[in-house]
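Colleague: My structure is in my_file24.tsv, and what it holds is TSV, C-alpha atoms:
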```tsv
chain	number	residue	atom	x	y	z
S	56	MET	CA	4.51	-24.64	2.72
S	57	THR	CA	0.79	-25.48	2.72
S	58	GLU	CA	-0.35	-23.23	5.58
S	59	LEU	CA	-1.09	-19.51	5.39
S	60	ALA	CA	1.84	-17.90	7.22
S	61	ALA	CA	0.74	-14.25	7.14
S	62	VAL	CA	-1.28	-11.69	5.22
S	63	LEU	CA	0.57	-8.54	4.14
S	64	PHE	CA	-1.53	-5.49	3.31
S	65	ASP	CA	-0.69	-2.43	1.28
S	66	MET	CA	-2.45	0.64	2.68
S	67	ASP	CA	-3.19	3.49	0.24
S	68	GLY	CA	-5.86	2.39	-2.20
S	69	THR	CA	-6.04	-1.10	-0.66
S	70	LEU	CA	-7.17	-0.67	2.94
S	71	VAL	CA	-8.14	2.98	2.61
S	72	ASP	CA	-9.03	4.94	-0.52
S	73	THR	CA	-6.52	7.72	0.09
S	74	GLU	CA	-5.25	7.99	-3.48
S	75	PRO	CA	-7.67	10.89	-4.21
S	76	TYR	CA	-6.20	12.66	-1.16
S	77	TRP	CA	-2.66	12.23	-2.52
S	78	ILE	CA	-3.72	13.38	-5.97
S	79	LYS	CA	-5.45	16.46	-4.57
S	80	ALA	CA	-2.35	17.30	-2.53
S	81	GLU	CA	-0.12	16.89	-5.61
S	82	TYR	CA	-2.31	19.26	-7.64
S	83	GLU	CA	-2.28	21.84	-4.84
S	84	LEU	CA	1.50	21.68	-4.40
S	85	VAL	CA	2.32	21.88	-8.10
S	86	GLU	CA	-0.13	24.74	-8.65
S	87	GLU	CA	1.38	26.58	-5.67
S	88	TRP	CA	4.73	26.49	-7.52
S	89	GLY	CA	3.16	27.62	-10.80
S	90	GLY	CA	3.46	24.26	-12.51
S	91	THR	CA	0.99	22.06	-14.36
S	92	TRP	CA	-0.17	18.65	-13.11
S	93	THR	CA	-2.36	16.03	-14.76
S	94	ASP	CA	-4.18	12.86	-13.75
S	95	ALA	CA	-1.74	10.93	-15.95
S	96	HIS	CA	1.14	12.23	-13.83
S	97	ALA	CA	-0.72	11.39	-10.64
S	98	HIS	CA	-1.60	7.86	-11.73
S	99	ALA	CA	2.02	7.22	-12.74
S	100	LEU	CA	2.95	7.59	-9.06
S	101	VAL	CA	0.37	5.23	-7.54
S	102	GLY	CA	2.13	2.71	-5.32
S	103	SER	CA	5.58	4.23	-5.77
S	104	ALA	CA	8.15	4.96	-3.07
S	105	LEU	CA	7.75	8.54	-1.87
S	106	LEU	CA	11.30	9.51	-2.80
S	107	THR	CA	10.58	8.29	-6.33
S	108	SER	CA	7.37	10.33	-6.35
S	109	ALA	CA	9.20	13.39	-5.03
S	110	ALA	CA	11.79	13.19	-7.81
S	111	TYR	CA	9.01	12.85	-10.39
S	112	ILE	CA	7.09	15.84	-9.01
S	113	ARG	CA	10.23	17.97	-8.93
S	114	LYS	CA	10.93	17.08	-12.56
S	115	HIS	CA	7.44	17.25	-14.04
S	116	GLY	CA	5.74	19.71	-11.70
S	117	GLY	CA	8.47	22.29	-11.29
S	118	VAL	CA	8.41	22.08	-7.48
S	119	ASP	CA	11.74	23.38	-6.16
S	120	LEU	CA	11.69	21.71	-2.75
S	121	GLU	CA	14.15	19.21	-1.37
S	122	PRO	CA	12.69	15.68	-1.67
S	123	LEU	CA	12.10	15.24	2.08
S	124	GLU	CA	10.50	18.68	2.32
S	125	LEU	CA	8.24	17.82	-0.58
S	126	ILE	CA	7.24	14.51	1.00
S	127	ASP	CA	6.54	16.22	4.33
S	128	TRP	CA	4.31	18.78	2.61
S	129	LEU	CA	2.27	16.11	0.84
S	130	GLU	CA	1.91	13.87	3.89
S	131	ARG	CA	0.77	16.75	6.11
S	132	ARG	CA	-1.88	17.65	3.54
S	133	VAL	CA	-3.08	14.05	3.22
S	134	ILE	CA	-3.20	13.62	7.02
S	135	GLU	CA	-5.29	16.81	7.26
S	136	GLN	CA	-7.80	15.29	4.85
S	137	MET	CA	-7.78	11.98	6.74
S	138	ALA	CA	-8.57	13.83	9.98
S	139	VAL	CA	-11.91	14.69	8.38
S	140	GLU	CA	-12.61	11.17	7.05
S	141	ILE	CA	-10.74	7.90	6.63
S	142	PRO	CA	-12.31	6.27	3.56
S	143	TRP	CA	-12.08	2.52	4.22
S	144	ARG	CA	-12.20	0.22	1.20
S	145	PRO	CA	-15.05	-2.34	1.05
S	146	GLY	CA	-14.39	-5.45	3.12
S	147	ALA	CA	-11.01	-4.26	4.44
S	148	LYS	CA	-11.89	-3.85	8.13
S	149	GLU	CA	-13.98	-7.03	8.09
S	150	LEU	CA	-11.13	-9.14	6.68
S	151	LEU	CA	-8.64	-7.66	9.15
S	152	ALA	CA	-11.00	-8.42	12.05
S	153	ALA	CA	-11.53	-12.02	10.87
S	154	LEU	CA	-7.79	-12.63	10.49
S	155	THR	CA	-7.12	-11.15	13.93
S	156	GLU	CA	-9.84	-13.33	15.47
S	157	GLN	CA	-8.26	-16.44	13.92
S	158	HIS	CA	-4.75	-15.38	15.00
S	159	VAL	CA	-3.38	-15.10	11.46
S	160	PRO	CA	-0.40	-12.69	11.56
S	161	CYS	CA	-0.95	-9.53	9.54
S	162	GLY	CA	1.58	-6.99	8.34
S	163	LEU	CA	1.16	-3.52	6.91
S	164	VAL	CA	3.52	-2.85	4.00
S	165	THR	CA	3.14	0.72	2.79
S	166	MET	CA	5.26	3.30	1.05
S	167	SER	CA	3.66	6.02	3.17
S	168	TYR	CA	5.87	7.09	6.05
S	169	ARG	CA	5.16	6.06	9.63
S	170	ALA	CA	3.29	9.20	10.72
S	171	MET	CA	0.82	8.71	7.91
S	172	ALA	CA	0.48	4.96	8.46
S	173	MET	CA	-0.28	5.43	12.15
S	174	THR	CA	-3.30	7.62	11.37
S	175	VAL	CA	-4.86	4.47	9.90
S	176	VAL	CA	-3.43	1.89	12.32
S	177	GLU	CA	-4.70	3.82	15.33
S	178	GLN	CA	-8.28	3.34	14.10
S	179	LEU	CA	-7.94	-0.46	14.44
S	180	GLN	CA	-7.54	-2.87	17.33
S	181	ALA	CA	-4.07	-2.64	18.83
S	182	GLU	CA	-3.19	-6.24	17.91
S	183	THR	CA	-4.30	-5.98	14.25
S	184	PHE	CA	-0.80	-5.67	12.77
S	185	ALA	CA	2.08	-7.78	14.04
S	186	THR	CA	4.50	-5.64	12.03
S	187	ILE	CA	4.38	-2.35	10.14
S	188	VAL	CA	6.83	-1.64	7.31
S	189	THR	CA	6.76	1.95	6.05
S	190	GLY	CA	8.55	3.73	3.25
S	191	ASP	CA	10.96	5.47	5.62
S	192	GLN	CA	12.10	2.10	7.01
S	193	VAL	CA	13.46	0.56	3.80
S	194	THR	CA	16.33	1.38	1.48
S	195	ASP	CA	14.53	0.35	-1.71
S	196	GLY	CA	10.79	0.94	-1.95
S	197	LYS	CA	8.22	-0.74	-4.17
S	198	PRO	CA	8.56	-2.18	-6.86
S	199	HIS	CA	11.69	-3.57	-5.19
S	200	PRO	CA	10.93	-6.69	-3.07
S	201	GLU	CA	12.61	-5.27	0.06
S	202	PRO	CA	9.40	-4.03	1.76
S	203	TYR	CA	7.69	-7.45	1.58
S	204	LEU	CA	10.86	-9.37	2.40
S	205	THR	CA	11.33	-7.12	5.43
S	206	ALA	CA	7.79	-7.82	6.65
S	207	ALA	CA	8.20	-11.59	6.29
S	208	GLN	CA	11.59	-11.49	8.02
S	209	ARG	CA	10.20	-9.50	10.95
S	210	LEU	CA	7.33	-11.97	11.29
S	211	GLY	CA	9.70	-14.94	11.01
S	212	VAL	CA	7.65	-16.58	8.25
S	213	ASP	CA	8.25	-18.07	4.81
S	214	VAL	CA	7.41	-15.30	2.33
S	215	SER	CA	6.16	-17.88	-0.20
S	216	ALA	CA	3.38	-18.80	2.23
S	217	CYS	CA	2.27	-15.16	2.58
S	218	VAL	CA	-0.61	-13.53	0.76
S	219	ALA	CA	-0.02	-9.90	-0.20
S	220	ILE	CA	-2.94	-7.61	-0.98
S	221	GLU	CA	-2.23	-4.73	-3.37
S	222	ASP	CA	-3.96	-2.22	-5.63
S	223	SER	CA	-1.22	-1.08	-8.03
S	224	PRO	CA	1.14	-2.64	-10.59
S	225	THR	CA	4.07	-1.23	-8.59
S	226	GLY	CA	2.92	-2.91	-5.39
S	227	VAL	CA	2.10	-6.16	-7.16
S	228	ALA	CA	5.59	-6.21	-8.69
S	229	SER	CA	7.14	-5.76	-5.25
S	230	ALA	CA	5.10	-8.53	-3.64
S	231	GLU	CA	5.63	-10.98	-6.49
S	232	ALA	CA	9.37	-10.29	-6.62
S	233	ALA	CA	9.50	-11.13	-2.92
S	234	GLY	CA	7.71	-14.43	-3.58
S	235	CYS	CA	4.25	-13.69	-2.18
S	236	ILE	CA	0.94	-14.88	-3.58
S	237	VAL	CA	-0.89	-11.71	-4.59
S	238	ILE	CA	-4.49	-10.58	-4.43
S	239	ALA	CA	-4.79	-7.51	-6.64
S	240	ILE	CA	-7.64	-5.04	-6.38
S	241	PRO	CA	-7.43	-2.69	-9.39
S	242	HIS	CA	-8.91	0.64	-8.39
S	243	HIS	CA	-7.33	3.83	-9.69
S	244	VAL	CA	-4.95	2.10	-12.11
S	245	PRO	CA	-5.38	-1.15	-14.10
S	246	ILE	CA	-3.57	-4.40	-13.21
S	247	LEU	CA	-3.07	-7.16	-15.74
S	248	PRO	CA	-3.70	-10.86	-14.95
S	249	GLY	CA	-0.70	-13.01	-14.13
S	250	PRO	CA	0.41	-16.27	-12.47
S	251	ASP	CA	0.13	-16.40	-8.66
S	252	ARG	CA	-2.08	-13.33	-8.93
S	253	MET	CA	-5.80	-13.21	-8.15
S	254	LEU	CA	-7.73	-10.16	-9.38
S	255	VAL	CA	-10.81	-9.16	-7.39
S	256	GLU	CA	-13.13	-6.14	-7.38
S	257	SER	CA	-12.86	-5.64	-3.62
S	258	LEU	CA	-12.16	-7.45	-0.35
S	259	ALA	CA	-15.88	-7.75	0.38
S	260	GLY	CA	-16.63	-11.40	1.12
S	261	MET	CA	-12.94	-12.35	1.36
S	262	THR	CA	-12.26	-14.69	4.31
S	263	PRO	CA	-9.28	-16.35	6.01
S	264	LYS	CA	-10.50	-19.62	4.51
S	265	SER	CA	-10.24	-18.27	0.95
S	266	LEU	CA	-6.71	-17.00	1.64
S	267	ARG	CA	-5.67	-20.38	3.02
S	268	ALA	CA	-6.99	-21.97	-0.17
S	269	LEU	CA	-4.66	-19.79	-2.25
S	270	VAL	CA	-1.62	-20.99	-0.29
S	271	ALA	CA	-2.75	-24.61	-0.50
S	272	GLY	CA	-3.27	-24.20	-4.23
S	273	ARG	CA	0.26	-22.93	-4.74
S	274	ALA	CA	1.68	-25.82	-2.71
S	275	ALA	CA	-0.23	-28.30	-4.88
S	276	GLN	CA	1.31	-27.02	-8.12
S	277	PRO	CA	3.70	-29.62	-9.60
S	278	ASP	CA	6.63	-27.21	-9.98
S	279	ARG	CA	6.48	-26.01	-6.39
```
For this file, write the structure as structure tokens.
Modeller:
Amino acid sequence: MTELAAVLFDMDGTLVDTEPYWIKAEYELVEEWGGTWTDAHAHALVGSALLTSAAYIRKHGGVDLEPLELIDWLERRVIEQMAVEIPWRPGAKELLAALTEQHVPCGLVTMSYRAMAMTVVEQLQAETFATIVTGDQVTDGKPHPEPYLTAAQRLGVDVSACVAIEDSPTGVASAEAAGCIVIAIPHHVPILPGPDRMLVESLAGMTPKSLRALVAGRAAQPDR
């Protein structure tokens, strides 16, 4: 495949800088239960499936809630913060608008659950995302490839001709395991260089043309 089939976006930390909201909510919840939380704990959860995060918080934070209750508590607190301000990442809305204008299919692939994802999606043009894959719609969350494979399947495209945009090692692992080309934007946690992985500081200045070049470059590799 030499043509860009679709662009698949992570949400938290990639499109919107909501990781501080999640971290604040984690601190509040753990402290409410008399436990101790640290930034190291919080950063260990960046990009993870929410059920994985819930198990970790129960173990390390001493929160005696059922996993789904714990997730609901955190999401409600994050949504409350987002009602005050949605902190868009540099270049994110501009790239989405350009891709929409050029009719490049876009998918949202997030481990947040649908209620949370829709607080962001509803701020964009209705046709921005051709599919939305959320953490409550998959059996295995990131770093498993299922979320990205699900998005490509729903779009009816070759996953190897998709560009995934991520901000965490967990998300990058998921996208690469699915077969995507990855643009990684290290923000709250570091990401190491790797093959089929482009590290950038932000999406500012990123264009559909530059994404097409990544797909063409992969197709031109001798072993492809």
Colleague: Might you pull out every residue within 9 Å of Pro160 (chain S), with only C-alpha atoms counted and same-chain residues fewer than 6 positions away left off, and present them as a ChimeraX atom specification?
Modeller: /S:60-63,154,183-186,210
Colleague: Now that the selection is made, can you save its residues with C-alpha atoms as a short mmCIF file (atom, residue, chain, number, x, y, z; two decimals), in the coordinates of the input?
Modeller:
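Output file out.cif follows:
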```
data_model
loop_
_atom_site.label_atom_id
_atom_site.label_comp_id
_atom_site.auth_asym_id
_atom_site.auth_seq_id
_atom_site.Cartn_x
_atom_site.Cartn_y
_atom_site.Cartn_z
CA ALA S 60 1.84 -17.90 7.22
CA ALA S 61 0.74 -14.25 7.14
CA VAL S 62 -1.28 -11.69 5.22
CA LEU S 63 0.57 -8.54 4.14
CA LEU S 154 -7.79 -12.63 10.49
CA THR S 183 -4.30 -5.98 14.25
CA PHE S 184 -0.80 -5.67 12.77
CA ALA S 185 2.08 -7.78 14.04
CA THR S 186 4.50 -5.64 12.03
CA LEU S 210 7.33 -11.97 11.29
#
```
Colleague: Rank nothing, just name the residue among S:Asp65, S:Leu125, S:Glu135, S:His96 nearest to Ile238 (chain S), using all atoms listed in the file.
Modeller: S:Asp65
Colleague: Hey, what's within 10 Å of Thr69 (chain S) if we count all atoms listed in the file and toss same-chain stuff fewer than 5 positions away? As a list in words, please?
Modeller: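 Surrounding residues, per the criterion: Phe64, Glu74, Trp143, Arg144, Pro145, Ala147, Thr165, Ile220, Glu221, Asp222, Ser223, Ala239, Ile240, Pro241, His242, Ser257 and Leu258 of chain S.
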Colleague: Near Leu123 (chain S), within 8 Å and counting only C-alpha atoms, which residues show up once chain neighbours fewer than 3 positions away are dropped, as a list in words?
Modeller: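 Surrounding residues, per the criterion: Leu106, Ala109, Ile126 and Asp127 of chain S.
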Colleague: Hey, can you spit out that residue selection with C-alpha atoms as a PDB file, in the frame of the given file?
Modeller:
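And here's again.pdb as it stands now:
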```pdb
ATOM      1  CA  LEU S 106      11.300   9.510  -2.800  1.00  0.00           C
ATOM      2  CA  ALA S 109       9.200  13.390  -5.030  1.00  0.00           C
ATOM      3  CA  ILE S 126       7.240  14.510   1.000  1.00  0.00           C
ATOM      4  CA  ASP S 127       6.540  16.220   4.330  1.00  0.00           C
TER       5      ASP S 127
END
```
Colleague: Figure out the distance between CA of Lys264 (chain S) and CA of Val101 (chain S), please, to one decimal in Å.
Modeller: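 A separation of 29.7 Å between them.
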Colleague: Give me, please, the distance in Å between CA of Ile246 (chain S) and CA of Arg209 (chain S), quoted to one decimal.
Modeller: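 These two atoms are separated by 28.3 Å.
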Colleague: For Thr91 (chain S), which of S:Val118, S:Val176, S:Val227, S:Leu129 is the closest residue, counting only C-alpha atoms?
Modeller: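 Under the stated criterion, the closest residue is S:Val118.
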Colleague: Do you have the CA of Cys217 (chain S)-CA of His199 (chain S) distance handy?
Modeller: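 So the two atoms, CA of Cys217 (chain S) and CA of His199 (chain S), lie 16.8 Å apart.
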Colleague: Please identify all polymer residues within 12 Å of Glu140 (chain S), counting all atoms listed in the file, omitting same-chain residues fewer than 4 positions from it, and present them as a list of chain:residue names.
Modeller: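 Listing them by chain and then by number gives S:Val71, S:Asp72, S:Thr73, S:Tyr76, S:Val133, S:Ile134, S:Glu135, S:Gln136, S:Thr174, S:Val175, S:Gln178.
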Colleague: Counting only C-alpha atoms, find the residues whose atoms lie at most 10 Å from (10.3, 3.9, -5.6) (file coordinates) and write them out as a VMD selection string.
Modeller: chain S and resid 100 102 to 110 166 190 194 to 199 225
Colleague: Between S:Val188, S:Ala138, S:Gly234, S:Val159, which residue has the minimum interatomic distance to Leu266 (chain S), considering only C-alpha atoms?
Modeller: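 Smallest distance to Leu266 (chain S) is found for S:Val159.
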Colleague: Just checking: using only C-alpha atoms, which residue out of S:Glu130, S:Val218, S:Ala181, S:His243 ends up closest to Ala152 (chain S)?
Modeller: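 That would be S:Ala181, the residue with the smallest distance to Ala152 (chain S).
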Colleague: From the coordinates I just gave you, please extract region 90-166 of chain S so that only C-alpha atoms remain, then output it as a compact mmCIF listing (two decimals), in the first residue's frame.
Modeller:
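Output below, filename decode07.txt:
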```txt
# COMPACT_ATOMS: atom_id res chain seq x y z
CA GLY S 90 -3.73 5.87 50.75
CA THR S 91 -0.57 7.37 49.30
CA TRP S 92 -0.11 8.19 45.60
CA THR S 93 2.94 9.40 43.70
CA ASP S 94 3.72 10.82 40.28
CA ALA S 95 5.64 7.61 39.54
CA HIS S 96 2.44 5.62 40.08
CA ALA S 97 0.46 8.04 37.94
CA HIS S 98 2.96 7.98 35.07
CA ALA S 99 3.01 4.17 35.12
CA LEU S 100 -0.66 4.27 34.07
CA VAL S 101 -0.39 6.68 31.14
CA GLY S 102 -1.98 5.11 28.07
CA SER S 103 -3.15 1.98 29.88
CA ALA S 104 -6.56 0.34 29.66
CA LEU S 105 -8.79 1.65 32.44
CA LEU S 106 -9.38 -1.79 33.94
CA THR S 107 -5.60 -2.20 34.16
CA SER S 108 -5.36 1.21 35.82
CA ALA S 109 -8.17 0.34 38.23
CA ALA S 110 -6.41 -2.85 39.32
CA TYR S 111 -3.18 -0.91 39.84
CA ILE S 112 -4.89 1.80 41.90
CA ARG S 113 -6.67 -0.80 44.04
CA LYS S 114 -3.34 -2.52 44.70
CA HIS S 115 -1.05 0.47 45.19
CA GLY S 116 -3.50 3.10 46.42
CA GLY S 117 -5.60 1.06 48.81
CA VAL S 118 -8.88 2.02 47.11
CA ASP S 119 -11.50 -0.59 48.01
CA LEU S 120 -13.90 0.01 45.13
CA GLU S 121 -14.96 -2.43 42.46
CA PRO S 122 -13.00 -1.74 39.24
CA LEU S 123 -15.98 -0.32 37.32
CA GLU S 124 -16.95 1.87 40.28
CA LEU S 125 -13.40 3.15 40.47
CA ILE S 126 -13.32 3.91 36.74
CA ASP S 127 -16.67 5.71 36.95
CA TRP S 128 -15.40 7.86 39.83
CA LEU S 129 -12.27 8.88 37.95
CA GLU S 130 -14.06 9.59 34.67
CA ARG S 131 -16.71 11.73 36.35
CA ARG S 132 -13.98 13.78 38.01
CA VAL S 133 -12.05 14.21 34.75
CA ILE S 134 -15.22 15.19 32.86
CA GLU S 135 -15.95 17.80 35.54
CA GLN S 136 -12.52 19.33 34.93
CA MET S 137 -13.02 19.19 31.15
CA ALA S 138 -16.31 21.07 31.51
CA VAL S 139 -14.21 24.01 32.71
CA GLU S 140 -11.57 23.73 29.96
CA ILE S 141 -10.58 21.26 27.25
CA PRO S 142 -6.81 21.70 26.86
CA TRP S 143 -6.12 20.98 23.18
CA ARG S 144 -2.59 19.93 22.26
CA PRO S 145 -0.69 22.16 19.77
CA GLY S 146 -1.60 21.49 16.15
CA ALA S 147 -4.20 18.82 16.95
CA LYS S 148 -7.35 20.64 15.82
CA GLU S 149 -5.55 22.06 12.78
CA LEU S 150 -4.40 18.62 11.59
CA LEU S 151 -7.85 17.13 12.14
CA ALA S 152 -9.44 19.96 10.14
CA ALA S 153 -6.96 19.53 7.27
CA LEU S 154 -7.52 15.77 7.12
CA THR S 155 -11.28 16.25 7.16
CA GLU S 156 -11.06 18.83 4.38
CA GLN S 157 -9.04 16.40 2.24
CA HIS S 158 -11.43 13.51 3.02
CA VAL S 159 -8.80 11.37 4.77
CA PRO S 160 -10.64 8.98 7.14
CA CYS S 161 -9.82 9.57 10.80
CA GLY S 162 -10.42 7.31 13.77
CA LEU S 163 -10.28 7.97 17.48
CA VAL S 164 -8.65 5.12 19.41
CA THR S 165 -8.73 5.82 23.12
CA MET S 166 -8.75 3.82 26.33
```
